[in-house]
Structure formats: structure tokens, C-alpha cells
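Undergrad: Handing you a structure now.
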Amino acid sequence: MMNRILTAYVAFISALMILPIAIVIAASINSAAYLSFPPAGFSTIWYKEVLTDPTWSGSLWLTLKIGMAVSMLSTVLGVAAALGLRAVSDTWSAVLQTFFLSPLMLPTVLIGLSLMQLYQSLGIRASVLTVTLGQLLIACPYVIRLVLASFNGIDPRLERAASILGANPIRVFWHVTFPLIRHGVLAGFLFSFIVSLDDVNIALFLSDVHTTPLPVQLFSYIEQNADSLGAAAASLLVLLACGAVFICDRLVGIEWLFGAKQRSG
Amino acid sequence: MKLHAGLLLVPAVLFYAVLFVWPLIISTWGSFTPTGKLSLQTYTQFFADEFYRSVLWRSLRISAITTLMTLIIGYPIAVYLSQSWRKGRSLVVFLVIAPMFVSAVVRSYGWIIILGPNGLLSSFTKAIGLPMGHLLYSEAGVIIALTHVFLPFMVIALAGSLQQIDPSLARAAQILGANRFQVFVRVILPLTLPGISAGSVIVFCLAASGFVTPALVGGAAVPVMPYLVYKEGLLVLNWPFASAVALILLAATALVTAIYTFAIRDAASRRSVVR
């Protein structure tokens, strides 16, 4: 009896969790411009509109560019930092880890606001780079965490053995360390992409009309009008996130992503 | 010359110093020097005005209720997920946890469609003969949407601590004559206090600093602290005041989570039967 109630409850909440996302996708393939129940008919016209309109397609393209840049830079910075953390004493490692994770503990609007003030004081104009550098601050902590977690299971003697046998540090990293931590690195890379795809708070402060990523563009659009065009743009964002999660699931297992979010507090 | 591997930390430390620490110093300093001279003007302006105080209070209230909602709704789900014999486990993981990878803009949009004037909810209540107003641009609507956005974080934290419980403890309590309710209240619940504490802190902080969901579902009718930061920083262009608002938000959430964590730790040390 208790079991059945629990199962029914979990099924109900699961359905509620998916409902808001499903309803956006349903709205995006509605042939009517405004949301109507029941839907007027099936149509892909809104997707065509988003992909051909220069403002929408421009911001979609920009989002992909910024997402890739954030992923690559945060992976390089994060892997280097994680390798460095292994080499210093435990006390320093703990202090620096807290320091590296601290951007996640601040309100993101504060990070966006203060970076905007820095850029303004230096006379730097909004560009792909300003948004990328801002989002790096909230992507890098995840990479560092994920890579550090993947170091945990590694026997340090493997690396020592390789260097005793004459491999230089770069060869040790490339042939021994990297293959052992590549799951963490890959998960960090994909997670950074999702973080960038999800970010509005920082990008809102650091972008201008010419450098608006899709989430920010969509945010401003939805504030004014809730229509099927906005739903199509939103569905494209869902598709991109699903793509990143799917690739992660295939390559390293989805539990890596859950692990990253869990430690985000 | 042999290079120390610790040097690999240099790029990240430099990056953080220039793009994280320095900007924070600039905006903190700016909030104390609104007219060029050192003063508390922005802070007194905030606390003297009843509207601003009400915004801070609303932010804390919405976050606290959201935290409580995710805890109550999430606990049974975490129990379900921690029972490894359940057949539908991976499907539930997908349905409940995966939405957190979908942008908050998209999920808020879904709630706008559901809660709006001609939305799913008001059509439904009209159809069953219990017409009620719509919840868009109301505090209740914002809390519903935030609960949806942050439920996965709570479930993950709770499931993590439920999984660590040795199942033989519950069996031992049952053998000693405890009924299911007593097992839950006296054994399981105290053992999951660390998970409850961690999950609550995460959800509270994220809900208090969340901007997209309150801005879209609540709009100008339900102003919260991050909305104020956005308005003062990007529309009014009063940066000293915007920085002050953000720092007050940070201080308030830090204070609340510190008190909460302390209270939970205290309760855990006094209530727990099993150590």
C-alpha cells in the first residue's frame, strides 16, 4: 500500500517536472502564432523563422561560439589548476580550492555587475571575449572539481614509474595522466558548455545589442511577448542542452554531470 | 632547470585575481564611495526606504518557502531513488534530475504558459468549475517556478545522504519494536540531517540569487534583490547602489545559512539516537 502511494507520487512529480519543458516544445510546433489550447495545427514555420531571422540566428551562432570558447578555455585553465593543486601542500591545496570554487558561492548578478564595472573603467567594449571571460568564472570551478575528483582513483606510482623510465613531464601527462583523467576532463568540457548555455545573469551585464547570446535574447523577448516564435527559440536551447547531456552520457556516463552539480553548493 | 608543477596554478590564479577579485574590490569600494568620498550613504538609503526593505524581506521569504517546498516534495523522491530495487529508478532519475540542465529561461517560459491568464492552470480550474485567477506575476507563481527549478538539487543532496544509511539500522529498530513511523522519525530522519542541511543551503542560496525566474514569472510586480541589482545596474545605471544591493543580498544569505547550518548541527547532536 505505502509502496503504491510512493510510486504514484513519484510518477506524478516526474510528470510535473517535465511538463513545463514539454509544453514549450508543444507550443513551438503550433501553427498559430499565439499559444492556444488545443493547438491549431502542426507546423515547423517558427523554427524556420528563428533560423533565418538575422537577430535570432545571429545570437544562436554567437551562443555556440561562446559556449565552445568557454568550454575550451575553462578546460585548459581547470586541468592546469587541478594538476598544480596536486603538487602543492595539503593546506595550500585546500585554501586554493576554496578560492577557485568561490565564484559559485556569490550571486551571479554580483559577478556580472562587478565585471561590467571593471570593463567600463578600462574602456573595454562588449564583445564575444567579454562574455566568454565572464562565463569562464562560473565554468572553471566545475572543471577543477571534476578533474580533481577523477584524480582520486589514480595510483601516483604509475606516473612515477613512467618518469623513472625516462619519460619527460609532458610525455608522462600525455601518455599516463591524461588517459586516466580523461573522463573528468570530458565531463568538465561538456559541463562548461551547459553552464554557458544556461547563463543569463552574467551575459546580461556583459553583452550589448551586437553580442547578445541566445539565452539573453530569449530572456528579453519573453519579457515582452510569449508566442510560438519564442517557444521555437527556447526549444533549440533545450535541443543543445540535450545534445551536450547525450554526448556526456555516451562518452563518460551521465553520473559525472550529476556529481558536478551536487558539489556546486 | 626543473620546473615545479605548482607553477601550473599561475594562469588560473592570475585569471581569478584580475577578473574576479579585482572587480569585486572595485564594486565593493564603489558601494562605499557613491560620491567619491567614503560614506555609508548607499546602505542607509537602502535600509531607510520601506520599499527596499520589503524587497530584501521578499527575497528571503521566497527563498525560504522554496527551500521548504523542495524539501517536502523532494524527500519522498529521494527515498524512492535510494531504494535500489525500484525498477523505474533510471527513468525517474532522468525525469526529475535532467531538467536542471535545461536553461532556467526555458523552464520559466513553460511556467508562464501554464500559469498565464489563458494558461493551462486557469483553463483547467475553469473546466472543473472552480475558476480562480491566474498566478502569473504573483509571489505564489514565482515560488512554484523556483521549486521546479531547484528541486533536482535538493533530491540529489537528500538521495546522497539516504544512500549512506546502513539498511540494517532500520531493521534493528524494527526488531526492537519500532513501527515504520518511529523508524523514520527516530532513525532515518536524524541520519539525513546533513543531507537536509546541505540541500537546504544550496537551494536557499541559489533561489535568493536567482534572477531569471522571478524576473520572468514575477516581473516588476514581484521585485526581488537580483531584480533590483539588474534594474539599478543596467537601467538606472546607479552602480554604487546596485553594488550595495548585491552585497546586502550576499551578507543576508550568508547570515541565514550560517544560522540554519548551526541550528541543524545542534539538532543533529541532540536528537540523533544513532551516531
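Chain labels follow the order of the C-alpha cells: the first chain is A, the next B, and so on; residue numbering restarts at 1 in every chain, and ligands are counted from 1 in their shown order.
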Kindly provide the residues of chain A that approach chain B to within 7 Å, each paired with its closest atom pair and their distance in Å to one decimal, based on only C-alpha atoms, listed by chain and increasing number, as a tab-separated table.
TA:
residue	atom	partner	partner_atom	distance
A:Val10	CA	B:Ile77	CA	5.9
A:Ser14	CA	B:Leu95	CA	5.5
A:Met17	CA	B:Val96	CA	6.0
A:Ile18	CA	B:Leu95	CA	6.4
A:Pro20	CA	B:Gly110	CA	4.1
A:Ile21	CA	B:Gly110	CA	5.9
A:Ile23	CA	B:Gly110	CA	6.1
A:Val24	CA	B:Gly110	CA	5.4
A:Leu77	CA	B:Ala12	CA	5.7
A:Ala80	CA	B:Leu8	CA	5.2
A:Ala81	CA	B:Leu9	CA	4.6
A:Leu83	CA	B:Leu8	CA	6.8
A:Gly84	CA	B:Gly6	CA	4.3
A:Leu85	CA	B:Gly6	CA	6.7
A:Ala87	CA	B:Gly6	CA	5.3
A:Val88	CA	B:Gly6	CA	5.9
A:Leu106	CA	B:Leu250	CA	6.8
A:Pro107	CA	B:Ser209	CA	4.8
A:Thr108	CA	B:Ser209	CA	6.9
A:Val109	CA	B:Pro226	CA	6.4
A:Leu110	CA	B:Ala246	CA	5.7
A:Leu113	CA	B:Gly233	CA	6.8
A:Ser114	CA	B:Pro23	CA	5.0
A:Leu115	CA	B:Pro23	CA	5.4
A:Leu118	CA	B:Pro23	CA	5.5
A:Ile194	CA	B:Phe101	CA	6.8
A:Asp198	CA	B:Ser103	CA	4.6
A:Asn201	CA	B:Phe211	CA	6.8
A:Pro215	CA	B:Val105	CA	6.9
A:Phe219	CA	B:Val105	CA	6.2
A:Glu223	CA	B:Leu216	CA	6.0
A:Ala234	CA	B:Val106	CA	5.5
A:Val238	CA	B:Val102	CA	5.8
A:Ala241	CA	B:Val102	CA	6.1
A:Gln262	CA	B:Ile156	CA	6.4
A:Gly265	CA	B:Ile202	CA	4.9
Undergrad: Taking N, CA and C atoms for each residue, export the selection above as an mmCIF file, in the first residue's frame.
TA:
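After the write, out_23.cif holds the following:
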data_model
loop_
_atom_site.group_PDB
_atom_site.id
_atom_site.type_symbol
_atom_site.label_atom_id
_atom_site.label_comp_id
_atom_site.auth_asym_id
_atom_site.auth_seq_id
_atom_site.Cartn_x
_atom_site.Cartn_y
_atom_site.Cartn_z
ATOM 1 N N VAL A 10 5.731 9.607 -6.979
ATOM 2 C CA VAL A 10 6.938 9.862 -7.762
ATOM 3 C C VAL A 10 6.587 10.041 -9.240
ATOM 4 N N SER A 14 7.329 13.409 -11.297
ATOM 5 C CA SER A 14 8.143 13.292 -12.513
ATOM 6 C C SER A 14 7.438 13.950 -13.684
ATOM 7 N N MET A 17 7.643 17.645 -13.435
ATOM 8 C CA MET A 17 8.975 18.173 -13.726
ATOM 9 C C MET A 17 9.163 18.380 -15.222
ATOM 10 N N ILE A 18 8.598 17.455 -16.009
ATOM 11 C CA ILE A 18 8.785 17.511 -17.459
ATOM 12 C C ILE A 18 7.779 18.460 -18.106
ATOM 13 N N PRO A 20 6.615 21.645 -17.834
ATOM 14 C CA PRO A 20 6.924 22.973 -18.374
ATOM 15 C C PRO A 20 7.799 22.922 -19.628
ATOM 16 N N ILE A 21 8.718 21.927 -19.667
ATOM 17 C CA ILE A 21 9.598 21.823 -20.843
ATOM 18 C C ILE A 21 8.810 21.269 -22.025
ATOM 19 N N ILE A 23 5.681 21.526 -22.575
ATOM 20 C CA ILE A 23 4.688 22.486 -23.045
ATOM 21 C C ILE A 23 5.333 23.545 -23.950
ATOM 22 N N VAL A 24 6.592 23.887 -23.662
ATOM 23 C CA VAL A 24 7.304 24.840 -24.531
ATOM 24 C C VAL A 24 7.530 24.210 -25.900
ATOM 25 N N LEU A 77 42.403 25.910 -18.424
ATOM 26 C CA LEU A 77 42.699 26.544 -17.123
ATOM 27 C C LEU A 77 42.461 25.574 -15.972
ATOM 28 N N ALA A 80 44.968 22.552 -15.819
ATOM 29 C CA ALA A 80 46.272 23.039 -15.340
ATOM 30 C C ALA A 80 46.204 23.299 -13.833
ATOM 31 N N ALA A 81 45.116 23.974 -13.398
ATOM 32 C CA ALA A 81 44.995 24.293 -11.980
ATOM 33 C C ALA A 81 44.902 23.021 -11.138
ATOM 34 N N LEU A 83 46.104 20.049 -11.866
ATOM 35 C CA LEU A 83 47.435 19.428 -11.818
ATOM 36 C C LEU A 83 48.321 20.161 -10.820
ATOM 37 N N GLY A 84 48.220 21.491 -10.833
ATOM 38 C CA GLY A 84 49.020 22.287 -9.908
ATOM 39 C C GLY A 84 48.638 22.025 -8.465
ATOM 40 N N LEU A 85 47.333 21.864 -8.215
ATOM 41 C CA LEU A 85 46.859 21.639 -6.843
ATOM 42 C C LEU A 85 47.439 20.358 -6.258
ATOM 43 N N ALA A 87 50.370 19.319 -6.741
ATOM 44 C CA ALA A 87 51.800 19.462 -6.469
ATOM 45 C C ALA A 87 52.091 20.270 -5.220
ATOM 46 N N VAL A 88 51.078 21.024 -4.723
ATOM 47 C CA VAL A 88 51.350 21.863 -3.547
ATOM 48 C C VAL A 88 50.891 21.147 -2.275
ATOM 49 N N LEU A 106 28.838 33.149 -4.803
ATOM 50 C CA LEU A 106 28.337 34.521 -4.874
ATOM 51 C C LEU A 106 27.136 34.581 -5.802
ATOM 52 N N PRO A 107 26.226 35.558 -5.560
ATOM 53 C CA PRO A 107 25.144 35.762 -6.524
ATOM 54 C C PRO A 107 25.751 36.091 -7.901
ATOM 55 N N THR A 108 25.268 35.413 -8.950
ATOM 56 C CA THR A 108 25.878 35.641 -10.271
ATOM 57 C C THR A 108 25.677 37.072 -10.757
ATOM 58 N N VAL A 109 24.580 37.728 -10.319
ATOM 59 C CA VAL A 109 24.404 39.122 -10.742
ATOM 60 C C VAL A 109 25.531 40.002 -10.197
ATOM 61 N N LEU A 110 26.074 39.644 -9.023
ATOM 62 C CA LEU A 110 27.183 40.424 -8.459
ATOM 63 C C LEU A 110 28.423 40.264 -9.334
ATOM 64 N N LEU A 113 27.764 42.274 -12.529
ATOM 65 C CA LEU A 113 27.792 43.714 -12.264
ATOM 66 C C LEU A 113 29.214 44.217 -12.057
ATOM 67 N N SER A 114 30.011 43.467 -11.257
ATOM 68 C CA SER A 114 31.336 43.983 -10.950
ATOM 69 C C SER A 114 32.265 43.863 -12.168
ATOM 70 N N LEU A 115 32.105 42.780 -12.971
ATOM 71 C CA LEU A 115 32.912 42.682 -14.194
ATOM 72 C C LEU A 115 32.567 43.815 -15.156
ATOM 73 N N LEU A 118 34.416 46.775 -14.121
ATOM 74 C CA LEU A 118 35.839 46.681 -14.484
ATOM 75 C C LEU A 118 36.027 47.033 -15.958
ATOM 76 N N ILE A 194 27.328 23.516 -20.977
ATOM 77 C CA ILE A 194 25.971 23.645 -20.415
ATOM 78 C C ILE A 194 25.868 24.892 -19.540
ATOM 79 N N ASP A 198 23.370 28.035 -20.152
ATOM 80 C CA ASP A 198 22.365 28.302 -19.129
ATOM 81 C C ASP A 198 22.453 29.739 -18.622
ATOM 82 N N ASN A 201 22.491 35.665 -16.293
ATOM 83 C CA ASN A 201 22.830 36.698 -15.308
ATOM 84 C C ASN A 201 24.134 37.424 -15.607
ATOM 85 N N PRO A 215 20.361 32.810 -24.949
ATOM 86 C CA PRO A 215 19.564 32.857 -23.715
ATOM 87 C C PRO A 215 19.172 34.283 -23.320
ATOM 88 N N PHE A 219 15.493 35.739 -23.207
ATOM 89 C CA PHE A 219 15.012 36.348 -21.960
ATOM 90 C C PHE A 219 14.319 37.684 -22.251
ATOM 91 N N GLU A 223 10.168 38.476 -21.961
ATOM 92 C CA GLU A 223 9.674 39.538 -21.080
ATOM 93 C C GLU A 223 8.567 40.326 -21.764
ATOM 94 N N ALA A 234 13.365 28.707 -27.678
ATOM 95 C CA ALA A 234 13.580 28.000 -26.416
ATOM 96 C C ALA A 234 13.835 26.515 -26.660
ATOM 97 N N VAL A 238 16.862 23.851 -25.614
ATOM 98 C CA VAL A 238 16.667 22.531 -24.998
ATOM 99 C C VAL A 238 17.432 21.480 -25.797
ATOM 100 N N ALA A 241 21.149 21.637 -25.081
ATOM 101 C CA ALA A 241 21.463 21.064 -23.770
ATOM 102 C C ALA A 241 21.350 19.540 -23.822
ATOM 103 N N GLN A 262 26.007 18.449 -7.917
ATOM 104 C CA GLN A 262 25.840 18.180 -6.490
ATOM 105 C C GLN A 262 26.857 18.952 -5.675
ATOM 106 N N GLY A 265 27.322 23.534 -4.456
ATOM 107 C CA GLY A 265 26.934 24.390 -3.352
ATOM 108 C C GLY A 265 28.117 25.119 -2.749
#
Undergrad: Using only C-alpha atoms, which residues sit within 8 Å of Ser207 of chain A once same-chain residues fewer than 3 positions away are excluded, as a list in words?
TA: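 So the residues in contact are Ala126, Ser127, Val128, Thr130, Val131, Ala203, Leu204, His210, Thr211, Thr212 and Pro213 of chain A.
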Undergrad: Grab the residues selected above and save them as a PDB file, in the first residue's frame with C-alpha atoms.
TA:
ATOM      1  CA  ALA A 126      31.268  44.415 -25.023  1.00  0.00           C
ATOM      2  CA  SER A 127      32.344  41.565 -27.307  1.00  0.00           C
ATOM      3  CA  VAL A 128      32.415  37.789 -27.558  1.00  0.00           C
ATOM      4  CA  THR A 130      33.999  39.898 -22.534  1.00  0.00           C
ATOM      5  CA  VAL A 131      31.077  37.468 -22.239  1.00  0.00           C
ATOM      6  CA  ALA A 203      25.959  37.696 -20.044  1.00  0.00           C
ATOM      7  CA  LEU A 204      23.155  40.211 -19.483  1.00  0.00           C
ATOM      8  CA  HIS A 210      25.546  43.227 -31.218  1.00  0.00           C
ATOM      9  CA  THR A 211      26.765  40.464 -28.905  1.00  0.00           C
ATOM     10  CA  THR A 212      23.569  39.033 -27.394  1.00  0.00           C
ATOM     11  CA  PRO A 213      23.761  35.262 -26.827  1.00  0.00           C
TER      12      PRO A 213
END
Undergrad: Using DSSP assignments from the backbone, pull out every residue in segment 155-234 of chain A that falls under helix (DSSP H, G or I) and give it to me as a ChimeraX atom specification.
TA: /A:156-164,169-198,201-206,214-224,228-234
Undergrad: Could those selected residues go to a file with C-alpha atoms, as a PDB file, in the first residue's frame?
TA:
ATOM      1  CA  PRO A 156      50.607   8.112  -8.211  1.00  0.00           C
ATOM      2  CA  ARG A 157      53.142   5.319  -8.683  1.00  0.00           C
ATOM      3  CA  LEU A 158      52.021   4.964 -12.304  1.00  0.00           C
ATOM      4  CA  GLU A 159      53.297   8.456 -13.095  1.00  0.00           C
ATOM      5  CA  ARG A 160      56.453   7.973 -11.072  1.00  0.00           C
ATOM      6  CA  ALA A 161      57.165   4.729 -12.890  1.00  0.00           C
ATOM      7  CA  ALA A 162      56.844   6.470 -16.255  1.00  0.00           C
ATOM      8  CA  SER A 163      59.218   9.257 -15.275  1.00  0.00           C
ATOM      9  CA  ILE A 164      61.755   6.819 -13.798  1.00  0.00           C
ATOM     10  CA  PRO A 169      56.809  15.533 -17.749  1.00  0.00           C
ATOM     11  CA  ILE A 170      54.896  16.274 -20.963  1.00  0.00           C
ATOM     12  CA  ARG A 171      55.052  12.637 -22.071  1.00  0.00           C
ATOM     13  CA  VAL A 172      54.016  11.486 -18.587  1.00  0.00           C
ATOM     14  CA  PHE A 173      50.996  13.773 -18.743  1.00  0.00           C
ATOM     15  CA  TRP A 174      50.003  12.839 -22.283  1.00  0.00           C
ATOM     16  CA  HIS A 175      50.537   9.075 -22.070  1.00  0.00           C
ATOM     17  CA  VAL A 176      49.785   8.326 -18.407  1.00  0.00           C
ATOM     18  CA  THR A 177      47.931  11.063 -16.526  1.00  0.00           C
ATOM     19  CA  PHE A 178      45.601  12.298 -19.253  1.00  0.00           C
ATOM     20  CA  PRO A 179      44.226   8.866 -20.257  1.00  0.00           C
ATOM     21  CA  LEU A 180      43.464   8.241 -16.574  1.00  0.00           C
ATOM     22  CA  ILE A 181      41.597  11.519 -16.011  1.00  0.00           C
ATOM     23  CA  ARG A 182      40.038  11.919 -19.441  1.00  0.00           C
ATOM     24  CA  HIS A 183      36.518  11.186 -18.180  1.00  0.00           C
ATOM     25  CA  GLY A 184      36.711  14.054 -15.722  1.00  0.00           C
ATOM     26  CA  VAL A 185      38.202  16.346 -18.372  1.00  0.00           C
ATOM     27  CA  LEU A 186      35.498  15.494 -20.895  1.00  0.00           C
ATOM     28  CA  ALA A 187      32.728  15.897 -18.341  1.00  0.00           C
ATOM     29  CA  GLY A 188      34.216  19.269 -17.363  1.00  0.00           C
ATOM     30  CA  PHE A 189      34.329  20.354 -21.004  1.00  0.00           C
ATOM     31  CA  LEU A 190      30.684  19.429 -21.633  1.00  0.00           C
ATOM     32  CA  PHE A 191      29.562  20.820 -18.300  1.00  0.00           C
ATOM     33  CA  SER A 192      31.191  24.154 -19.114  1.00  0.00           C
ATOM     34  CA  PHE A 193      29.216  24.214 -22.346  1.00  0.00           C
ATOM     35  CA  ILE A 194      25.971  23.645 -20.415  1.00  0.00           C
ATOM     36  CA  VAL A 195      26.910  26.351 -17.892  1.00  0.00           C
ATOM     37  CA  SER A 196      27.491  28.802 -20.740  1.00  0.00           C
ATOM     38  CA  LEU A 197      24.232  27.759 -22.392  1.00  0.00           C
ATOM     39  CA  ASP A 198      22.365  28.302 -19.129  1.00  0.00           C
ATOM     40  CA  ASN A 201      22.830  36.698 -15.308  1.00  0.00           C
ATOM     41  CA  ILE A 202      26.440  37.321 -16.290  1.00  0.00           C
ATOM     42  CA  ALA A 203      25.959  37.696 -20.044  1.00  0.00           C
ATOM     43  CA  LEU A 204      23.155  40.211 -19.483  1.00  0.00           C
ATOM     44  CA  PHE A 205      25.647  42.646 -17.921  1.00  0.00           C
ATOM     45  CA  LEU A 206      28.481  41.999 -20.360  1.00  0.00           C
ATOM     46  CA  LEU A 214      20.573  33.256 -27.403  1.00  0.00           C
ATOM     47  CA  PRO A 215      19.564  32.857 -23.715  1.00  0.00           C
ATOM     48  CA  VAL A 216      19.779  36.632 -23.168  1.00  0.00           C
ATOM     49  CA  GLN A 217      17.982  37.356 -26.431  1.00  0.00           C
ATOM     50  CA  LEU A 218      15.282  34.872 -25.459  1.00  0.00           C
ATOM     51  CA  PHE A 219      15.012  36.348 -21.960  1.00  0.00           C
ATOM     52  CA  SER A 220      14.410  39.861 -23.320  1.00  0.00           C
ATOM     53  CA  TYR A 221      11.973  38.529 -25.901  1.00  0.00           C
ATOM     54  CA  ILE A 222       9.876  36.517 -23.418  1.00  0.00           C
ATOM     55  CA  GLU A 223       9.674  39.538 -21.080  1.00  0.00           C
ATOM     56  CA  GLN A 224       7.686  41.268 -23.839  1.00  0.00           C
ATOM     57  CA  SER A 228       5.309  30.418 -30.630  1.00  0.00           C
ATOM     58  CA  LEU A 229       8.423  32.065 -32.077  1.00  0.00           C
ATOM     59  CA  GLY A 230       9.903  32.376 -28.595  1.00  0.00           C
ATOM     60  CA  ALA A 231       8.940  28.755 -27.927  1.00  0.00           C
ATOM     61  CA  ALA A 232      10.876  27.623 -31.019  1.00  0.00           C
ATOM     62  CA  ALA A 233      13.990  29.515 -29.896  1.00  0.00           C
ATOM     63  CA  ALA A 234      13.580  28.000 -26.416  1.00  0.00           C
TER      64      ALA A 234
END
Undergrad: Can you pull out the residues contacting Val256 of chain B? Cut-off 10 Å, using only C-alpha atoms, and skip same-chain residues under 4 positions away; I want them as a PyMOL selection string.
TA: chain B and resi 60+64+201+204-205+251-252+260-262
Undergrad: What separation in Å, quoted to one decimal, exists between atom CA of Leu68 of chain B and atom CA of Val222 of chain B?
TA: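 One can read the atom CA of Leu68 of chain B to atom CA of Val222 of chain B distance as 19.7 Å.
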Undergrad: Quick one: residues within 12 Å of Ala267 of chain B, only C-alpha atoms counted, chain neighbours fewer than 4 positions away excluded, as a PDB file with C-alpha atoms, in the first residue's frame?
TA:
ATOM      1  CA  LEU B 189      15.398  11.488   9.574  1.00  0.00           C
ATOM      2  CA  PRO B 190      18.197  12.278  12.069  1.00  0.00           C
ATOM      3  CA  LEU B 191      20.699  10.437   9.885  1.00  0.00           C
ATOM      4  CA  THR B 192      19.747  12.514   6.858  1.00  0.00           C
ATOM      5  CA  LEU B 193      20.114  15.852   8.683  1.00  0.00           C
ATOM      6  CA  PRO B 194      23.489  16.518   6.978  1.00  0.00           C
ATOM      7  CA  ILE B 196      18.882  18.168   4.556  1.00  0.00           C
ATOM      8  CA  SER B 197      21.297  20.861   5.704  1.00  0.00           C
ATOM      9  CA  TYR B 260      20.485  27.474   9.747  1.00  0.00           C
ATOM     10  CA  THR B 261      23.558  25.267   9.497  1.00  0.00           C
ATOM     11  CA  PHE B 262      24.331  25.906  13.160  1.00  0.00           C
ATOM     12  CA  ALA B 263      20.755  25.077  14.227  1.00  0.00           C
ATOM     13  CA  ARG B 271      18.249  14.370  18.575  1.00  0.00           C
ATOM     14  CA  SER B 272      20.138  11.590  16.931  1.00  0.00           C
ATOM     15  CA  VAL B 273      19.791   8.209  18.593  1.00  0.00           C
TER      16      VAL B 273
END
Undergrad: Please identify all polymer residues within 10 Å of Tyr52 of chain B, counting only C-alpha atoms, omitting same-chain residues fewer than 5 positions from it, and present them as a PDB file with C-alpha atoms, in the first residue's frame.
TA:
ATOM      1  CA  GLN B  45      19.467  54.724   1.630  1.00  0.00           C
ATOM      2  CA  PHE B  46      18.601  51.036   1.283  1.00  0.00           C
ATOM      3  CA  PHE B  47      17.596  50.408   4.872  1.00  0.00           C
ATOM      4  CA  TRP B  57      12.332  40.568   3.032  1.00  0.00           C
ATOM      5  CA  ARG B  58      10.545  39.190  -0.065  1.00  0.00           C
ATOM      6  CA  PRO B 223      10.679  42.569  -7.327  1.00  0.00           C
ATOM      7  CA  VAL B 224      13.449  40.541  -5.645  1.00  0.00           C
ATOM      8  CA  MET B 225      17.018  41.554  -4.783  1.00  0.00           C
ATOM      9  CA  LEU B 228      16.875  45.299  -8.082  1.00  0.00           C
ATOM     10  CA  VAL B 245      22.148  45.815  -3.056  1.00  0.00           C
TER      11      VAL B 245
END
